[in-house]
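Working notes, structure below.
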Amino acid sequence: MTLIRHRVTHTVNRLRSIGLAGLSGIAVGIALTVLPITEVEAKSKFVFANSSAYDNLDPHIVFDVGRVASRINLYDGLLRWEDNPPQLVNWLAESYSISADGKAYTFVLRKGAKFHDGSPIEASDVVYSMERTIALKKGASALFAGVVEPGTTKALDAQTVEFHLSQASAIFLATVPEIHVVNTDLVKKHEKDGDWGTAWLSSHEAGSGSYELKRYDPAIGFTAARFADHFMPWGKKYYDEIDFRTVVEINSRVLGLMKGDFQGTDGYLPQDQIIRLKAADDIAIYEEESMRIFYAAVHNGRAPMNDINFRKALSYSFDYDGFITNILSGSVARDPVPLPNNIWGAPKDVKGYTYDLEKAKEHLAMVKEPQRELVIGVLAGYNQSEQAAALLQNGLSKIGIKSKLLIEPWPVVSNKMRDEAQMYDLVFLWKSTYYADPNNWVGEMYNSSKIGSRNNSWYSNPEVDKLLDEALISTDMKVRAANYEKAATMVMEDAAGIFVYNTKWFGPFNKSVQGVRFCPIGNGQEVRWMYPKG
């Protein structure tokens, strides 16, 4: 039907151009039978409204879910996470093997895989991508720090790459999908003053992903076309073009979806908006249990938050039940520790902190540091972040602590969180799934070795470090699970953050979109599986 409408429109436009716009519907029908149809079928397009900006496309610089669409659609890795619960599947690699000591990982690449410019993907490209990730010390580099040293990744031949780890790592395989493979020759061609091509790659791409970049504007988003020669076979139906746009305002995303301007938007909208979309005739809501915790990252290294009693006062000042029950309509699960409830290694029967202003006052009375106004960070475009911050602000005012809210977009928040001086006193946000292992949360967030990269709380506890370090190298799952349970409980008891809930994903898509596959890593934004109905 879409094709017929497209051809009719095209023919009418041609008639108008030669002065025959006044012909009757019958005349137009006759014209359709005699005028040759030279147009190809109308191309299908998927438009997604994103809540944060795509300010940088470099896959080795950007490492967050808010901007995951560019990485997951424009680039490939050796392995990939798919579906829910997440399953690790071969992608650019057709096979791999692990040495007996757990320090050497050998991957054999698929033959025939190409970059978007048609050049073959070779082991040397994987080596360069690993070296570039480590050298830039941004993005996913923290996952490999102390595990993969510069110069240790080797191309054994054009199809075989080998990683030599400095120590056995229980999570290395799970982090391999974050080694996004770039076209070495293309990136080197655009290097300037030893910058590893970062200036150029921030607004261009050098990948092999299912879609190839066509247009990019950091203020608007990016558009990409289907890469027909992708090594993973395409189905009979697919989207020819994808368009990921920045639409910060929630109501604009919802209205645009209801009007058909967008085919999808983020699955973490406020519940009142989800209910609104469920009532719309053309919208389908996909519900999935996710692994995305909501919490406040608290700056443990700055006074007065460096006092455990002050941090406990903060934790007792937040109305958990009011937020979950009244504001979120019970659509999430209370989660008192820095691990999702549904991941192995999460402690059971840990109650955590409750809303108790009397206890908050008791702990506040033990604080020796002078009181000052706190700065609470809020993610622009994320209503729950603002609601949680306002709720905490209300609780704090009742115990005599002044605070102000600072609302800023995610790229700004993300940059500030990596700077000890610029980091907010605390900021409400989500910790999403980058790989399905407890280390993704408590290990990345609270191991002191990650301070300034993934540990944005400047939290340090030698006992916690010992548990997390042991869990990273152990091959005994019972030991690993026990260590993560203990570490997560200790972090909670230290009130290192304010831990609120584990979430559900309510993915809103136009009913014309078929083939949606949700994975906690990527949050349903991998478009290659989707296709238009009909």
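Letters A, B, ... mark the chains of the structure tokens in the order given; residue numbers begin at 1 per chain; ligand numbers begin at 1, in order shown.
Here the residues within segment 157-244 of chain A that DSSP labels strand (DSSP E or B) on the basis of the backbone are Asp157, Thr160, Val161, Glu162, Phe163, His164, Tyr211, Glu212, Leu213, Lys214, Arg215, Tyr216, Asp217, Gly221, Phe222, Thr223, Ala224, Ala225, Arg226, Glu241, Ile242, Asp243 and Phe244 of chain A.
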Keeping only N, CA and C atoms, write the selected residues as a PDB file, in the first residue's frame.
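File written: out_33.pdb
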```
ATOM      1  N   ASP A 157      47.728 -13.725  12.364  1.00  0.00           N
ATOM      2  CA  ASP A 157      47.619 -13.670  10.909  1.00  0.00           C
ATOM      3  C   ASP A 157      46.444 -12.760  10.601  1.00  0.00           C
ATOM      4  N   THR A 160      43.366 -13.944  12.678  1.00  0.00           N
ATOM      5  CA  THR A 160      43.487 -14.403  14.067  1.00  0.00           C
ATOM      6  C   THR A 160      44.118 -13.342  14.952  1.00  0.00           C
ATOM      7  N   VAL A 161      43.452 -13.028  16.046  1.00  0.00           N
ATOM      8  CA  VAL A 161      43.968 -12.041  16.999  1.00  0.00           C
ATOM      9  C   VAL A 161      44.046 -12.684  18.379  1.00  0.00           C
ATOM     10  N   GLU A 162      45.074 -12.326  19.124  1.00  0.00           N
ATOM     11  CA  GLU A 162      45.274 -12.921  20.437  1.00  0.00           C
ATOM     12  C   GLU A 162      45.501 -11.826  21.484  1.00  0.00           C
ATOM     13  N   PHE A 163      44.747 -11.902  22.557  1.00  0.00           N
ATOM     14  CA  PHE A 163      44.894 -10.978  23.676  1.00  0.00           C
ATOM     15  C   PHE A 163      45.690 -11.669  24.771  1.00  0.00           C
ATOM     16  N   HIS A 164      46.724 -11.002  25.255  1.00  0.00           N
ATOM     17  CA  HIS A 164      47.531 -11.534  26.347  1.00  0.00           C
ATOM     18  C   HIS A 164      47.269 -10.693  27.591  1.00  0.00           C
ATOM     19  N   TYR A 211      24.496  -0.403   9.929  1.00  0.00           N
ATOM     20  CA  TYR A 211      24.120   0.839   9.266  1.00  0.00           C
ATOM     21  C   TYR A 211      25.335   1.734   9.094  1.00  0.00           C
ATOM     22  N   GLU A 212      25.322   2.500   8.010  1.00  0.00           N
ATOM     23  CA  GLU A 212      26.437   3.353   7.616  1.00  0.00           C
ATOM     24  C   GLU A 212      26.036   4.824   7.731  1.00  0.00           C
ATOM     25  N   LEU A 213      26.831   5.607   8.446  1.00  0.00           N
ATOM     26  CA  LEU A 213      26.505   7.007   8.705  1.00  0.00           C
ATOM     27  C   LEU A 213      26.363   7.799   7.405  1.00  0.00           C
ATOM     28  N   LYS A 214      25.292   8.606   7.344  1.00  0.00           N
ATOM     29  CA  LYS A 214      25.059   9.466   6.186  1.00  0.00           C
ATOM     30  C   LYS A 214      25.057  10.947   6.560  1.00  0.00           C
ATOM     31  N   ARG A 215      24.445  11.263   7.700  1.00  0.00           N
ATOM     32  CA  ARG A 215      24.392  12.662   8.146  1.00  0.00           C
ATOM     33  C   ARG A 215      24.559  12.707   9.660  1.00  0.00           C
ATOM     34  N   TYR A 216      25.220  13.763  10.116  1.00  0.00           N
ATOM     35  CA  TYR A 216      25.396  13.937  11.555  1.00  0.00           C
ATOM     36  C   TYR A 216      25.443  15.407  11.916  1.00  0.00           C
ATOM     37  N   ASP A 217      24.705  15.753  12.944  1.00  0.00           N
ATOM     38  CA  ASP A 217      24.709  17.095  13.506  1.00  0.00           C
ATOM     39  C   ASP A 217      24.591  16.923  15.014  1.00  0.00           C
ATOM     40  N   GLY A 221      21.305  14.995  15.811  1.00  0.00           N
ATOM     41  CA  GLY A 221      21.434  13.555  15.871  1.00  0.00           C
ATOM     42  C   GLY A 221      22.112  13.018  14.628  1.00  0.00           C
ATOM     43  N   PHE A 222      21.845  11.747  14.315  1.00  0.00           N
ATOM     44  CA  PHE A 222      22.494  11.160  13.142  1.00  0.00           C
ATOM     45  C   PHE A 222      21.522  10.310  12.330  1.00  0.00           C
ATOM     46  N   THR A 223      21.823  10.213  11.041  1.00  0.00           N
ATOM     47  CA  THR A 223      21.055   9.386  10.112  1.00  0.00           C
ATOM     48  C   THR A 223      22.001   8.398   9.454  1.00  0.00           C
ATOM     49  N   ALA A 224      21.567   7.161   9.287  1.00  0.00           N
ATOM     50  CA  ALA A 224      22.415   6.133   8.686  1.00  0.00           C
ATOM     51  C   ALA A 224      21.589   5.251   7.765  1.00  0.00           C
ATOM     52  N   ALA A 225      22.252   4.710   6.746  1.00  0.00           N
ATOM     53  CA  ALA A 225      21.594   3.847   5.764  1.00  0.00           C
ATOM     54  C   ALA A 225      22.040   2.401   5.949  1.00  0.00           C
ATOM     55  N   ARG A 226      21.169   1.479   5.617  1.00  0.00           N
ATOM     56  CA  ARG A 226      21.474   0.055   5.767  1.00  0.00           C
ATOM     57  C   ARG A 226      22.720  -0.330   4.982  1.00  0.00           C
ATOM     58  N   GLU A 241      16.700   2.902   6.396  1.00  0.00           N
ATOM     59  CA  GLU A 241      17.354   4.074   6.986  1.00  0.00           C
ATOM     60  C   GLU A 241      16.949   4.219   8.445  1.00  0.00           C
ATOM     61  N   ILE A 242      17.886   4.674   9.260  1.00  0.00           N
ATOM     62  CA  ILE A 242      17.591   4.936  10.664  1.00  0.00           C
ATOM     63  C   ILE A 242      17.941   6.388  10.975  1.00  0.00           C
ATOM     64  N   ASP A 243      17.164   6.974  11.851  1.00  0.00           N
ATOM     65  CA  ASP A 243      17.342   8.385  12.194  1.00  0.00           C
ATOM     66  C   ASP A 243      17.179   8.518  13.711  1.00  0.00           C
ATOM     67  N   PHE A 244      18.281   8.778  14.405  1.00  0.00           N
ATOM     68  CA  PHE A 244      18.243   8.943  15.851  1.00  0.00           C
ATOM     69  C   PHE A 244      18.364  10.426  16.176  1.00  0.00           C
TER      70      PHE A 244
END
```
**Request:** Would you kindly return, as a VMD selection string, each protein, DNA or RNA residue with an atom no farther than 10 Å from any atom of Ser329 of chain A, considering only C-alpha atoms and excluding same-chain residues fewer than 6 positions away?
**Result:** chain A and resid 270 to 272 322 to 323
Requested write-out: C-alpha atoms of the selected residues, as a short mmCIF file (atom, residue, chain, number, x, y, z; two decimals), in the first residue's frame:
```
data_model
loop_
_atom_site.label_atom_id
_atom_site.label_comp_id
_atom_site.auth_asym_id
_atom_site.auth_seq_id
_atom_site.Cartn_x
_atom_site.Cartn_y
_atom_site.Cartn_z
CA PRO A 270 7.53 8.37 33.65
CA GLN A 271 4.66 6.00 34.38
CA ASP A 272 1.99 8.60 33.63
CA GLY A 322 6.81 7.57 48.48
CA PHE A 323 8.94 7.71 45.35
#
```
Close residues, Glu249 of chain A itself excluded, 8 Å, only C-alpha atoms, min 3 positions apart in chain, as a PDB file with N, CA and C atoms, in the first residue's frame:
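See around31.pdb below for the written result:
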```pdb
ATOM      1  N   SER A  51      16.545  10.924  24.500  1.00  0.00           N
ATOM      2  CA  SER A  51      16.456  11.940  25.542  1.00  0.00           C
ATOM      3  C   SER A  51      17.745  12.706  25.776  1.00  0.00           C
ATOM      4  N   SER A 252       7.414  16.206  24.212  1.00  0.00           N
ATOM      5  CA  SER A 252       7.669  16.249  22.770  1.00  0.00           C
ATOM      6  C   SER A 252       7.939  14.851  22.224  1.00  0.00           C
ATOM      7  N   ARG A 253       8.636  14.026  23.002  1.00  0.00           N
ATOM      8  CA  ARG A 253       8.888  12.648  22.560  1.00  0.00           C
ATOM      9  C   ARG A 253       7.586  11.857  22.503  1.00  0.00           C
ATOM     10  N   GLY A 381      15.966  16.266  30.933  1.00  0.00           N
ATOM     11  CA  GLY A 381      15.223  15.367  30.052  1.00  0.00           C
ATOM     12  C   GLY A 381      14.832  14.065  30.705  1.00  0.00           C
TER      13      GLY A 381
END
```
Would you mind listing what lies within 9 Å of Gly352 of chain A as a PDB file with N, CA and C atoms, in the first residue's frame, with only C-alpha atoms counted and same-chain residues fewer than 4 positions away left out?
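Saved to around21.pdb:
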```
ATOM      1  N   ASP A 335      15.423  -1.551  45.556  1.00  0.00           N
ATOM      2  CA  ASP A 335      16.730  -2.197  45.436  1.00  0.00           C
ATOM      3  C   ASP A 335      17.721  -1.433  46.328  1.00  0.00           C
ATOM      4  N   PRO A 336      18.035  -1.965  47.502  1.00  0.00           N
ATOM      5  CA  PRO A 336      18.811  -1.210  48.489  1.00  0.00           C
ATOM      6  C   PRO A 336      20.323  -1.280  48.342  1.00  0.00           C
ATOM      7  N   VAL A 337      20.810  -2.000  47.328  1.00  0.00           N
ATOM      8  CA  VAL A 337      22.258  -2.175  47.165  1.00  0.00           C
ATOM      9  C   VAL A 337      22.674  -1.850  45.728  1.00  0.00           C
ATOM     10  N   THR A 489      26.847  -5.328  50.153  1.00  0.00           N
ATOM     11  CA  THR A 489      26.283  -5.039  51.476  1.00  0.00           C
ATOM     12  C   THR A 489      27.129  -4.012  52.219  1.00  0.00           C
ATOM     13  N   MET A 492      26.597  -0.561  50.838  1.00  0.00           N
ATOM     14  CA  MET A 492      25.307  -0.036  51.314  1.00  0.00           C
ATOM     15  C   MET A 492      25.432   0.434  52.756  1.00  0.00           C
ATOM     16  N   GLU A 493      26.084  -0.362  53.604  1.00  0.00           N
ATOM     17  CA  GLU A 493      26.234   0.005  55.013  1.00  0.00           C
ATOM     18  C   GLU A 493      27.075   1.266  55.177  1.00  0.00           C
ATOM     19  N   PHE A 499      20.716   4.225  47.272  1.00  0.00           N
ATOM     20  CA  PHE A 499      20.268   3.193  46.337  1.00  0.00           C
ATOM     21  C   PHE A 499      18.757   3.045  46.411  1.00  0.00           C
TER      22      PHE A 499
END
```
Any idea what's packed within 10 Å of Val248 of chain A, counting only C-alpha atoms, ignoring anything in its chain fewer than 2 positions away? Could you give it as an mmCIF file with N, CA and C atoms, in the first residue's frame?
```
data_model
loop_
_atom_site.group_PDB
_atom_site.id
_atom_site.type_symbol
_atom_site.label_atom_id
_atom_site.label_comp_id
_atom_site.auth_asym_id
_atom_site.auth_seq_id
_atom_site.Cartn_x
_atom_site.Cartn_y
_atom_site.Cartn_z
ATOM 1 N N ALA A 49 13.407 8.903 18.944
ATOM 2 C CA ALA A 49 13.588 10.144 19.702
ATOM 3 C C ALA A 49 14.355 9.834 20.979
ATOM 4 N N ASN A 50 15.542 10.403 21.099
ATOM 5 C CA ASN A 50 16.417 10.118 22.236
ATOM 6 C C ASN A 50 16.388 11.264 23.239
ATOM 7 N N SER A 51 16.545 10.924 24.500
ATOM 8 C CA SER A 51 16.456 11.940 25.542
ATOM 9 C C SER A 51 17.745 12.706 25.776
ATOM 10 N N SER A 52 18.862 12.213 25.242
ATOM 11 C CA SER A 52 20.129 12.928 25.405
ATOM 12 C C SER A 52 20.796 13.124 24.048
ATOM 13 N N ALA A 53 21.750 14.031 24.014
ATOM 14 C CA ALA A 53 22.378 14.417 22.749
ATOM 15 C C ALA A 53 23.448 13.428 22.300
ATOM 16 N N ARG A 245 17.311 10.977 16.759
ATOM 17 C CA ARG A 245 17.231 12.413 16.999
ATOM 18 C C ARG A 245 17.228 12.736 18.494
ATOM 19 N N THR A 246 17.803 13.865 18.831
ATOM 20 C CA THR A 246 17.792 14.345 20.206
ATOM 21 C C THR A 246 16.515 15.137 20.460
ATOM 22 N N ILE A 250 10.248 15.546 27.438
ATOM 23 C CA ILE A 250 9.482 14.299 27.481
ATOM 24 C C ILE A 250 8.191 14.396 26.688
ATOM 25 N N ASN A 251 7.443 15.459 26.875
ATOM 26 C CA ASN A 251 6.154 15.594 26.193
ATOM 27 C C ASN A 251 6.325 15.623 24.678
ATOM 28 N N SER A 252 7.414 16.206 24.212
ATOM 29 C CA SER A 252 7.669 16.249 22.770
ATOM 30 C C SER A 252 7.939 14.851 22.224
ATOM 31 N N ARG A 253 8.636 14.026 23.002
ATOM 32 C CA ARG A 253 8.888 12.648 22.560
ATOM 33 C C ARG A 253 7.586 11.857 22.503
ATOM 34 N N ALA A 380 18.960 16.523 32.752
ATOM 35 C CA ALA A 380 17.951 17.207 31.942
ATOM 36 C C ALA A 380 17.277 16.215 31.005
ATOM 37 N N GLY A 381 15.966 16.266 30.933
ATOM 38 C CA GLY A 381 15.223 15.367 30.052
ATOM 39 C C GLY A 381 14.832 14.065 30.705
ATOM 40 N N TYR A 382 15.253 13.863 31.961
ATOM 41 C CA TYR A 382 14.925 12.641 32.691
ATOM 42 C C TYR A 382 14.102 13.035 33.923
ATOM 43 N N PRO A 409 22.374 18.609 30.902
ATOM 44 C CA PRO A 409 22.265 17.460 29.993
ATOM 45 C C PRO A 409 23.312 16.400 30.302
#
```
Proximity check segment 451-515 of chain A to segment 91-115 of chain A, 12 Å, nearest pairs one decimal Å, only C-alpha atoms, as CSV:
```
residue,atom,partner,partner_atom,distance
A:Ile473,CA,A:Gly102,CA,9.3
A:Ser474,CA,A:Gly102,CA,10.4
A:Thr475,CA,A:Gly102,CA,9.3
```
Writer output for current selection, N, CA and C atoms, as a compact mmCIF listing (two decimals), in the first residue's frame:
```txt
# COMPACT_ATOMS: atom_id res chain seq x y z
N ILE A 473 39.38 -12.30 39.62
CA ILE A 473 40.31 -13.31 39.11
C ILE A 473 39.88 -14.74 39.42
N SER A 474 38.91 -14.91 40.29
CA SER A 474 38.48 -16.25 40.67
C SER A 474 37.67 -16.91 39.57
N THR A 475 37.86 -18.22 39.41
CA THR A 475 37.06 -18.99 38.45
C THR A 475 35.96 -19.78 39.17
```
What parts of segment 43-72 of chain A does DSSP call helix (DSSP H, G or I)? I'd like the answer as number ranges by chain. A: 65-72
